[in-house]
Amino acid sequence: MSGAVLVAIAATVGNLLQGWDNATIAGAVLYIKKEFELESAPTLEGLIVAMSLIGATIITTCSGPISDRIGRRPMMIISSVCFFVSALIMLWSPNVYVLLLGRLLDGFGSGLAVTLVPLYISETAPTEIRGTLNTLPQFTGSGGMFVAYCMVFGMSLMEKPSWRLMLGILFVPSLIYFVLTVFFLPESPRWLVSKGKMIEAKMVLQQLRGREDVSAEMALLVEGLGVGGDTSIEEYLIEPDAENTEDQDPMVVKDQIKLYGSEVGRSWVARPVTGQSMLGLASRQGSIQNPGSSFVDPLVTLFGSVHEKLPEQGSMRSIIFPNFGSMFSIGGKDPRNEEWDEENIPGDDDDYAHDDEDYAEEDEDLRSPLISHQTSGTDKAMVAPASGSMFSMKPSSLIQGSEASGIGGGWQLAWKWSEREGPDGKKEGGFKRLYLHQEGDAGSKRGFLLSLPGGDVTGDTDYVKAAALVSQPALYSREFIEHRANGPAMVHPSQTAGKGPSWRDLLEPGVRRALVVGVGLQLLQQFSGINGVLYYTPQILEQAGVGDLLSHMGIGSSSASLLISALTTLLMLPAIAVAMRLMDISGRRTLLLTTIPVLFLSLVVLILGNLIKMGTTVHAVISTISVVLYFCFFVMGFGPIPNIMCAEIFPTKIRGLCIAICALTFWIGDIIVTDTLPIMLNAFGLAGVFGFYAVVSFIAWVFIFVKVPETKGMPLEVITEFFALGARHPSEDKD
């Protein structure tokens with residue numbers, strides 16, 4: 001995973017630049033207003049600071065859709081160019097208007113970095129460490145602020161501090177960022193798959209994962225091309241394959257899925273379970289059908305059930321549960337070591353378009369599906385397997401050690417063929433995609449009371465309980481099966497990718513539910529008080545005597561405020577490091593629910609400190625402790641997690657568009673809070689402002705408890721599938 005880690009670190013240099021800029025302008029503005037005599041023009045002074053926010057807001061409105069069309073990497077290259085050019089302009093700046101132009105371009109760079117870096121990391125990081133890597137932007141942003149504060153503090157001690165040098169020195173790290181984005185960072189493999197660039201996507205995944213076999217994850221990325229869909233939950237028992245089907249009910253053989261392990265002659269079967277549910281994940285489906293039965297959103301309960309009954313050694317770590325790759329083969333035959341049908345794609349990598357009218361004239365292999373079985377002509381002519389055939393994956397390896405593949409997070413991907421009788425009496429068939437997840441430890445069937453189709457369970461055989469999210473594959477096409485009898489009747493991803501993102505996709509129930517979560521988190525984060533506490537921190541530390549101490553050391557008031565800000569930022573770094581450690585262990589939801597109460601209590605203490613008369617020293621000590629706790633716990637939870645979750649909960653096809661909506665909410669909220677803070681201070685006083693923030697923090701905790709699910713350890717495609725399932729109307733389940 002070192003490749004993914006290095007890529008994530010390189011990408012977060014953009015966040016370092018954004019934090020760097022926030023710190024340098026805070027120090028430089030003290031000298032800018034002196035040179036341009038802005039003491040009598042507070043509006044222009046405020047505009048110099050706010051121009052970066054304005055630029056970030058403007059660029060955010062279009063960054064998502066553009067990144068969905070041209071890619072994540074080109075947008076990050078543009079971000080680095082914006083930082084570099086803005087630094088040169090600010091280094092020159094003969095007047096305030098040129099400075100404003102530089103600040104605007106700087107805002108463009110910051111907006112792109114804040115929006116796209118979490119998205120990029122989510123799409124390149126392995127499932128198991130995605131949360132840890134996506135906390136890096138918060139760490140590097142705060143680290144950039146600390147380094148910049150120290151640099152500006154050092155310059156402030158000079159005889160004639162140069163604000164142009166303070167701002168213009170940004171061109172050095174921005175040049176490094178440009179080199180990294182151009183020569184080191186690869187394109188997101190999920191974006192490449194969404195554009196049908198399968199060969200390039202496979203090569204990037206191999207570099208990121210450090211292994212040759214990435215077929216399972218490639219299949220997962222292909223399945224992520226869909227938006228919405230009819231998803232249901234099924235239960236399975238996974239057991240060793242008896243390979244004696246003569247005594248079994250034909251219906252049992254028809255419905256089971258054969259899975260192959262690495263040992264020769266050893267295979268497993270997944271048999272569907274009927275009757276009363278005993279699995280955590282499947283038992284939650286009832287809460288979707290009866291949403292009024294619980295105060296908590298059924299979607300949250302559904303996500304939570306995935307983490308309730310994990311095996312002690314980690315999900316899917318039992319040798320009973322197989323780890324299979326991404327290809328499937330027809331049951332009853334030896335699985336083949338198949339590869340993606342990349343060589344048969346006509347044209348160059350960038351052109352996958354086909355004309356539907358040319359089906360009859362195309363060579364047989366040109367339309368061969370991405371996930372297909374390369375067999376004889378007889379097999380190729382098979383539209384659907386005969387009744388009783390089972391579709392399964394190519395052999396890989398059982399998960400017996402520390403090295404596991406699959407699709408990540410203990411999830412496995414499979415397909416099956418299902419048939420039913422249509423209205424006209426004819427049999428209708430279609431493929432179903434399964435995301436399988438083990439629930440609980442492996443056990444024995446003896447005494448396990450579950451009704452299996454075809455008879456009762458007998459014997460004392462090892463088994464694994466599993467639940468599956470079942471829906472239609474992203475590449476399955478009913479029209480294609482009518483045109484052409486070729487393999488499993490799945491189209492090439494280029495046909496799915498060619499449709500492109502659409503605003504209509506935002507109306508899908510699962511996407512709407514995810515937008516409520518993403519937009520809600522961004523708004524509540526901005527109104528929870530971070531800007532107010534930042535504004536008040538220098539005053540609190542001044543009351544604590546830090547200012548007097550620094551003045552006795554010969555440090556002026558301007559330099560002292562910069563040093564205080566540097567010390568405050570330094571306190572955040574260990575807390576962010578703790579959050580990085582816990583993000584994929586405790587989870588996003590748990591961190592939010594445990595850190596926000598500390599924010600609330602810190603604000604309450606600050607309110608009481610301003611309402612109750614106490615000694616100056618006592619007041620300063622209590623206020624300082626409250627501020628430090630607020631900062632530390634904010635950067636552990638409410639600081640990084642909204643951006644992390646927004647990068648996880650949307651489908652690949654429209655992920656950039658949805659993240660742009662959430663990021664736009666973030667910047668608008670930031671502008672509102674920043675502009676209204678002085679007004680609120682004049683109207684309600686400091687206690688009133690902190691009181692408002694405390695109320696918002698309480699509302700945020702309730703919102704997270706009710707609406708925000710836990711997404712740790714789940715592939716992005718599975719997360720979006722859960723949102724699609726959780727957003728279904730109860731009437732749909734009854735149909």
# chains A, B, ... in the order shown; residues from 1 in each chain; ligands from 1

call {"tool": "residues_around", "arguments": {"residues": "stretch 519-527 of chain A", "least_positions_apart": "5", "cutoff": "6 Å", "atoms": "only C-alpha atoms", "output": "MDAnalysis selection string"}}
result
chainID A and resid 642 662 666 669:670 700

call {"tool": "atom_distance", "arguments": {"atom1": "atom CA of A:Cys658", "atom2": "atom CA of A:Thr140"}}
result
24.3 Å

call {"tool": "select_by_dssp", "arguments": {"residues": "stretch 64-282 of chain A", "states": "alpha helix (DSSP H)", "output": "ChimeraX atom specification"}}
result
/A:64-70,72-92,96-124,130-133,136-156,163-168,171-183,189-194,198-209,215-223,250-255,280-282

call {"tool": "residues_around", "arguments": {"residues": "stretch 85-98 of chain A", "least_positions_apart": "3", "cutoff": "10 Å", "atoms": "only C-alpha atoms", "output": "short mmCIF file (atom, residue, chain, number, x, y, z; two decimals) with C-alpha atoms, in the first residue's frame"}}
result
data_model
loop_
_atom_site.label_atom_id
_atom_site.label_comp_id
_atom_site.auth_asym_id
_atom_site.auth_seq_id
_atom_site.Cartn_x
_atom_site.Cartn_y
_atom_site.Cartn_z
CA ASP A 21 -1.95 31.02 2.55
CA ILE A 32 -0.33 45.84 3.82
CA LYS A 33 -2.72 48.27 5.45
CA GLU A 35 1.77 50.67 3.12
CA PHE A 36 -1.50 51.33 1.29
CA LEU A 38 -6.02 51.27 4.58
CA LEU A 44 -10.89 47.28 1.23
CA GLU A 45 -8.80 45.72 3.97
CA ILE A 48 -8.02 41.66 0.59
CA SER A 80 -0.89 24.21 -8.55
CA VAL A 81 -0.65 26.66 -11.46
CA CYS A 82 -3.10 29.02 -9.74
CA LEU A 101 -6.11 39.77 -8.52
CA GLY A 102 -3.38 37.65 -6.94
CA ARG A 103 -5.62 36.86 -3.97
CA LEU A 104 -8.42 35.83 -6.35
CA LEU A 105 -6.17 33.37 -8.19
CA ASP A 106 -4.93 32.12 -4.84
CA GLY A 107 -8.55 31.44 -3.90
CA PHE A 108 -8.98 29.43 -7.10
CA GLY A 109 -6.08 27.22 -6.07
CA SER A 162 8.20 42.74 3.57
CA TRP A 163 4.61 41.61 3.14
CA ARG A 164 5.33 40.92 -0.55
CA LEU A 165 7.96 38.37 0.44
CA MET A 166 5.59 36.86 3.03
CA LEU A 167 2.96 36.23 0.34
CA GLY A 168 5.25 35.66 -2.65
CA ILE A 169 7.37 32.95 -1.04
CA LEU A 170 4.39 30.69 -1.73
CA PHE A 171 5.78 30.16 -5.25
CA VAL A 172 8.43 27.76 -3.87
CA SER A 174 3.60 25.68 -5.22
CA LEU A 175 6.31 24.84 -7.75
#

call {"tool": "residues_around", "arguments": {"residues": "A:Leu563", "least_positions_apart": "2", "cutoff": "10 Å", "atoms": "only C-alpha atoms", "output": "number ranges by chain"}}
result
A: 146, 149-154, 538, 547, 550, 555, 557-561, 565-569

call {"tool": "write_last_selection", "arguments": {"atoms": "N, CA, C and O atoms", "output": "CSV table (one decimal), in the first residue's frame"}}
result
chain,number,residue,atom,x,y,z
A,146,PHE,N,1.2,26.2,10.5
A,146,PHE,CA,2.2,26.4,11.6
A,146,PHE,C,3.6,26.8,11.0
A,146,PHE,O,4.2,27.8,11.5
A,149,TYR,N,3.2,30.5,9.9
A,149,TYR,CA,3.1,31.4,11.1
A,149,TYR,C,4.6,31.6,11.6
A,149,TYR,O,5.0,32.7,11.9
A,150,CYS,N,5.3,30.5,11.7
A,150,CYS,CA,6.7,30.7,12.1
A,150,CYS,C,7.6,31.5,11.2
A,150,CYS,O,8.4,32.4,11.6
A,151,MET,N,7.3,31.3,9.9
A,151,MET,CA,8.1,32.1,8.9
A,151,MET,C,7.7,33.6,9.0
A,151,MET,O,8.6,34.4,9.0
A,152,VAL,N,6.4,33.9,9.1
A,152,VAL,CA,6.0,35.2,9.1
A,152,VAL,C,6.4,35.9,10.4
A,152,VAL,O,6.8,37.1,10.5
A,153,PHE,N,6.4,35.1,11.5
A,153,PHE,CA,6.9,35.6,12.8
A,153,PHE,C,8.4,36.0,12.7
A,153,PHE,O,8.8,37.1,13.2
A,154,GLY,N,9.2,35.1,12.1
A,154,GLY,CA,10.6,35.5,11.9
A,154,GLY,C,10.8,36.7,11.1
A,154,GLY,O,11.6,37.5,11.4
A,538,PRO,N,-6.6,34.9,20.4
A,538,PRO,CA,-5.6,35.9,20.9
A,538,PRO,C,-6.0,36.6,22.1
A,538,PRO,O,-5.1,36.9,23.0
A,547,GLY,N,0.8,37.5,26.4
A,547,GLY,CA,1.2,38.8,25.8
A,547,GLY,C,2.2,39.5,26.6
A,547,GLY,O,3.2,40.0,26.1
A,550,LEU,N,5.6,37.8,26.5
A,550,LEU,CA,6.3,38.0,25.2
A,550,LEU,C,6.8,39.4,25.1
A,550,LEU,O,7.9,39.7,24.6
A,555,ILE,N,9.3,41.2,22.3
A,555,ILE,CA,8.5,40.9,21.1
A,555,ILE,C,7.4,41.8,21.1
A,555,ILE,O,6.6,41.9,22.0
A,557,SER,N,3.7,43.7,19.7
A,557,SER,CA,2.4,43.1,19.7
A,557,SER,C,2.0,42.4,18.5
A,557,SER,O,1.4,41.3,18.5
A,558,SER,N,2.4,42.9,17.3
A,558,SER,CA,2.2,42.2,16.0
A,558,SER,C,2.9,40.9,16.0
A,558,SER,O,2.2,39.8,15.6
A,559,SER,N,4.1,40.8,16.3
A,559,SER,CA,4.9,39.6,16.3
A,559,SER,C,4.3,38.6,17.4
A,559,SER,O,4.2,37.4,17.1
A,560,ALA,N,3.9,39.1,18.5
A,560,ALA,CA,3.3,38.3,19.6
A,560,ALA,C,2.0,37.6,19.1
A,560,ALA,O,1.8,36.4,19.4
A,561,SER,N,1.2,38.3,18.4
A,561,SER,CA,-0.1,37.7,17.9
A,561,SER,C,0.2,36.6,16.9
A,561,SER,O,-0.5,35.5,16.9
A,565,SER,N,-0.6,32.6,17.5
A,565,SER,CA,-1.3,31.8,16.4
A,565,SER,C,-0.5,30.5,16.1
A,565,SER,O,-1.1,29.4,15.9
A,566,ALA,N,0.8,30.7,16.0
A,566,ALA,CA,1.6,29.5,15.7
A,566,ALA,C,1.5,28.4,16.8
A,566,ALA,O,1.4,27.2,16.5
A,567,LEU,N,1.6,28.9,18.0
A,567,LEU,CA,1.5,27.9,19.1
A,567,LEU,C,0.1,27.2,19.2
A,567,LEU,O,0.0,26.0,19.4
A,568,THR,N,-0.9,28.0,18.8
A,568,THR,CA,-2.3,27.4,18.8
A,568,THR,C,-2.4,26.3,17.7
A,568,THR,O,-2.9,25.3,17.9
A,569,THR,N,-1.8,26.6,16.6
A,569,THR,CA,-1.8,25.7,15.5
A,569,THR,C,-1.0,24.4,15.8
A,569,THR,O,-1.4,23.3,15.4

call {"tool": "closest_residue", "arguments": {"among": "A:Ala23, A:Leu436, A:Ala620, A:Met75", "to": "A:Gly144", "atoms": "only C-alpha atoms"}}
result
A:Ala23

call {"tool": "atom_distance", "arguments": {"atom1": "atom CA of A:Leu611", "atom2": "atom CA of A:Gly529"}}
result
18.3 Å

call {"tool": "closest_residue", "arguments": {"among": "A:Ala575, A:Ala683, A:Ile622, A:Leu53", "to": "A:Met636", "atoms": "only C-alpha atoms"}}
result
A:Ala575

call {"tool": "residues_around", "arguments": {"residues": "stretch 637-640 of chain A", "least_positions_apart": "3", "cutoff": "8 Å", "atoms": "only C-alpha atoms", "output": "NGL selection string"}}
result
:A and (134-135 or 137-138 or 525 or 579 or 588 or 591-592 or 595-596 or 633-634 or 643-644)

call {"tool": "residues_around", "arguments": {"residues": "A:Leu413", "least_positions_apart": "4", "cutoff": "7 Å", "atoms": "only C-alpha atoms", "output": "PyMOL selection string"}}
result
chain A and resi 407+434-436

call {"tool": "write_last_selection", "arguments": {"atoms": "all heavy atoms", "output": "tab-separated table (two decimals), in the first residue's frame"}}
result
chain	number	residue	atom	x	y	z
A	407	ILE	N	-12.36	-7.14	-2.63
A	407	ILE	CA	-12.65	-5.76	-2.98
A	407	ILE	C	-12.45	-4.84	-1.79
A	407	ILE	O	-12.80	-3.66	-1.84
A	407	ILE	CB	-14.07	-5.61	-3.55
A	407	ILE	CG1	-15.12	-6.02	-2.51
A	407	ILE	CG2	-14.22	-6.41	-4.83
A	407	ILE	CD1	-16.54	-5.76	-2.96
A	434	LEU	N	-23.75	-9.44	-6.55
A	434	LEU	CA	-23.80	-9.65	-5.11
A	434	LEU	C	-22.56	-9.05	-4.46
A	434	LEU	O	-21.44	-9.33	-4.88
A	434	LEU	CB	-23.85	-11.14	-4.77
A	434	LEU	CG	-25.15	-11.89	-5.03
A	434	LEU	CD1	-25.25	-12.29	-6.49
A	434	LEU	CD2	-25.21	-13.14	-4.15
A	435	TYR	N	-22.77	-8.22	-3.45
A	435	TYR	CA	-21.70	-7.81	-2.54
A	435	TYR	C	-21.87	-8.64	-1.27
A	435	TYR	O	-22.77	-8.40	-0.47
A	435	TYR	CB	-21.79	-6.32	-2.20
A	435	TYR	CG	-21.48	-5.39	-3.34
A	435	TYR	CD1	-22.38	-4.41	-3.74
A	435	TYR	CD2	-20.25	-5.48	-4.01
A	435	TYR	CE1	-22.07	-3.54	-4.79
A	435	TYR	CE2	-19.95	-4.62	-5.06
A	435	TYR	CZ	-20.86	-3.65	-5.44
A	435	TYR	OH	-20.56	-2.80	-6.47
A	436	LEU	N	-21.01	-9.65	-1.11
A	436	LEU	CA	-21.11	-10.56	0.03
A	436	LEU	C	-20.27	-10.07	1.20
A	436	LEU	O	-19.15	-9.58	1.01
A	436	LEU	CB	-20.64	-11.96	-0.38
A	436	LEU	CG	-21.59	-12.79	-1.25
A	436	LEU	CD1	-20.82	-13.92	-1.91
A	436	LEU	CD2	-22.73	-13.34	-0.42

call {"tool": "residues_around", "arguments": {"residues": "A:Val689", "least_positions_apart": "6", "cutoff": "12 Å", "atoms": "only C-alpha atoms", "output": "list in words"}}
result
Phe527, Ser528, Gly529, Ile530, Asn531, Gly532, Val533, Tyr535, Tyr536, Leu603, Val604, Leu606, Ile607, Asn610, Val673, Thr676, Leu677, Pro678, Ile679, Met680, Leu681, Asn682, Ala683, Val695 and Val696 of chain A

call {"tool": "write_last_selection", "arguments": {"atoms": "N, CA, C and O atoms", "output": "mmCIF file, in the first residue's frame"}}
result
data_model
loop_
_atom_site.group_PDB
_atom_site.id
_atom_site.type_symbol
_atom_site.label_atom_id
_atom_site.label_comp_id
_atom_site.auth_asym_id
_atom_site.auth_seq_id
_atom_site.Cartn_x
_atom_site.Cartn_y
_atom_site.Cartn_z
ATOM 1 N N PHE A 527 -21.087 26.437 11.297
ATOM 2 C CA PHE A 527 -21.822 27.193 12.314
ATOM 3 C C PHE A 527 -21.617 26.647 13.725
ATOM 4 O O PHE A 527 -22.338 27.036 14.645
ATOM 5 N N SER A 528 -20.650 25.741 13.888
ATOM 6 C CA SER A 528 -20.419 25.165 15.215
ATOM 7 C C SER A 528 -19.427 25.963 16.047
ATOM 8 O O SER A 528 -19.146 25.595 17.187
ATOM 9 N N GLY A 529 -18.839 27.043 15.471
ATOM 10 C CA GLY A 529 -18.069 27.947 16.305
ATOM 11 C C GLY A 529 -16.597 28.045 16.061
ATOM 12 O O GLY A 529 -15.911 28.801 16.753
ATOM 13 N N ILE A 530 -16.061 27.319 15.069
ATOM 14 C CA ILE A 530 -14.612 27.323 14.905
ATOM 15 C C ILE A 530 -14.086 28.717 14.584
ATOM 16 O O ILE A 530 -13.045 29.140 15.103
ATOM 17 N N ASN A 531 -14.799 29.478 13.743
ATOM 18 C CA ASN A 531 -14.335 30.822 13.396
ATOM 19 C C ASN A 531 -14.393 31.766 14.597
ATOM 20 O O ASN A 531 -13.514 32.614 14.781
ATOM 21 N N GLY A 532 -15.435 31.642 15.411
ATOM 22 C CA GLY A 532 -15.546 32.487 16.592
ATOM 23 C C GLY A 532 -14.453 32.221 17.602
ATOM 24 O O GLY A 532 -13.884 33.151 18.183
ATOM 25 N N VAL A 533 -14.137 30.939 17.811
ATOM 26 C CA VAL A 533 -13.084 30.595 18.765
ATOM 27 C C VAL A 533 -11.725 31.051 18.248
ATOM 28 O O VAL A 533 -10.884 31.548 19.011
ATOM 29 N N TYR A 535 -11.219 33.598 16.359
ATOM 30 C CA TYR A 535 -11.224 35.056 16.508
ATOM 31 C C TYR A 535 -10.915 35.459 17.950
ATOM 32 O O TYR A 535 -10.223 36.445 18.202
ATOM 33 N N TYR A 536 -11.385 34.674 18.905
ATOM 34 C CA TYR A 536 -11.289 35.024 20.322
ATOM 35 C C TYR A 536 -9.992 34.536 20.957
ATOM 36 O O TYR A 536 -9.592 35.008 22.024
ATOM 37 N N LEU A 603 -17.618 25.335 24.857
ATOM 38 C CA LEU A 603 -18.342 26.579 24.594
ATOM 39 C C LEU A 603 -19.147 27.020 25.808
ATOM 40 O O LEU A 603 -19.227 28.211 26.123
ATOM 41 N N VAL A 604 -19.738 26.048 26.517
ATOM 42 C CA VAL A 604 -20.499 26.382 27.725
ATOM 43 C C VAL A 604 -19.586 27.001 28.778
ATOM 44 O O VAL A 604 -19.953 27.988 29.446
ATOM 45 N N LEU A 606 -16.831 28.669 28.208
ATOM 46 C CA LEU A 606 -16.489 30.020 27.749
ATOM 47 C C LEU A 606 -17.637 30.991 28.008
ATOM 48 O O LEU A 606 -17.422 32.160 28.346
ATOM 49 N N ILE A 607 -18.876 30.508 27.855
ATOM 50 C CA ILE A 607 -20.045 31.355 28.149
ATOM 51 C C ILE A 607 -20.078 31.725 29.627
ATOM 52 O O ILE A 607 -20.235 32.900 30.001
ATOM 53 N N ASN A 610 -17.629 34.304 30.751
ATOM 54 C CA ASN A 610 -17.944 35.686 30.408
ATOM 55 C C ASN A 610 -19.140 36.234 31.181
ATOM 56 O O ASN A 610 -19.368 37.443 31.196
ATOM 57 N N VAL A 673 -20.496 33.082 8.172
ATOM 58 C CA VAL A 673 -20.050 33.109 9.567
ATOM 59 C C VAL A 673 -19.004 34.202 9.779
ATOM 60 O O VAL A 673 -19.051 34.948 10.766
ATOM 61 N N THR A 676 -20.726 37.731 9.550
ATOM 62 C CA THR A 676 -21.712 38.036 10.591
ATOM 63 C C THR A 676 -21.137 38.034 12.001
ATOM 64 O O THR A 676 -21.798 38.498 12.928
ATOM 65 N N LEU A 677 -19.910 37.527 12.163
ATOM 66 C CA LEU A 677 -19.328 37.453 13.499
ATOM 67 C C LEU A 677 -19.213 38.828 14.169
ATOM 68 O O LEU A 677 -19.650 38.996 15.318
ATOM 69 N N PRO A 678 -18.653 39.852 13.509
ATOM 70 C CA PRO A 678 -18.594 41.172 14.169
ATOM 71 C C PRO A 678 -19.980 41.727 14.497
ATOM 72 O O PRO A 678 -20.166 42.351 15.544
ATOM 73 N N ILE A 679 -20.946 41.484 13.606
ATOM 74 C CA ILE A 679 -22.309 41.966 13.858
ATOM 75 C C ILE A 679 -22.901 41.278 15.076
ATOM 76 O O ILE A 679 -23.520 41.917 15.942
ATOM 77 N N MET A 680 -22.717 39.969 15.168
ATOM 78 C CA MET A 680 -23.248 39.222 16.310
ATOM 79 C C MET A 680 -22.559 39.631 17.606
ATOM 80 O O MET A 680 -23.186 39.680 18.664
ATOM 81 N N LEU A 681 -21.257 39.907 17.531
ATOM 82 C CA LEU A 681 -20.548 40.346 18.734
ATOM 83 C C LEU A 681 -21.105 41.665 19.254
ATOM 84 O O LEU A 681 -21.281 41.849 20.466
ATOM 85 N N ASN A 682 -21.403 42.585 18.334
ATOM 86 C CA ASN A 682 -21.966 43.871 18.745
ATOM 87 C C ASN A 682 -23.385 43.730 19.278
ATOM 88 O O ASN A 682 -23.784 44.440 20.203
ATOM 89 N N ALA A 683 -24.149 42.815 18.711
ATOM 90 C CA ALA A 683 -25.559 42.676 19.083
ATOM 91 C C ALA A 683 -25.759 41.835 20.343
ATOM 92 O O ALA A 683 -26.575 42.168 21.201
ATOM 93 N N VAL A 695 -25.566 25.906 20.805
ATOM 94 C CA VAL A 695 -26.841 25.344 20.340
ATOM 95 C C VAL A 695 -26.640 24.599 19.019
ATOM 96 O O VAL A 695 -27.161 23.494 18.820
ATOM 97 N N VAL A 696 -25.862 25.193 18.094
ATOM 98 C CA VAL A 696 -25.596 24.542 16.809
ATOM 99 C C VAL A 696 -24.830 23.231 17.022
ATOM 100 O O VAL A 696 -25.099 22.228 16.345
#

call {"tool": "select_by_dssp", "arguments": {"residues": "stretch 164-246 of chain A", "states": "strand (DSSP E or B)", "output": "count of residues only"}}
result
9
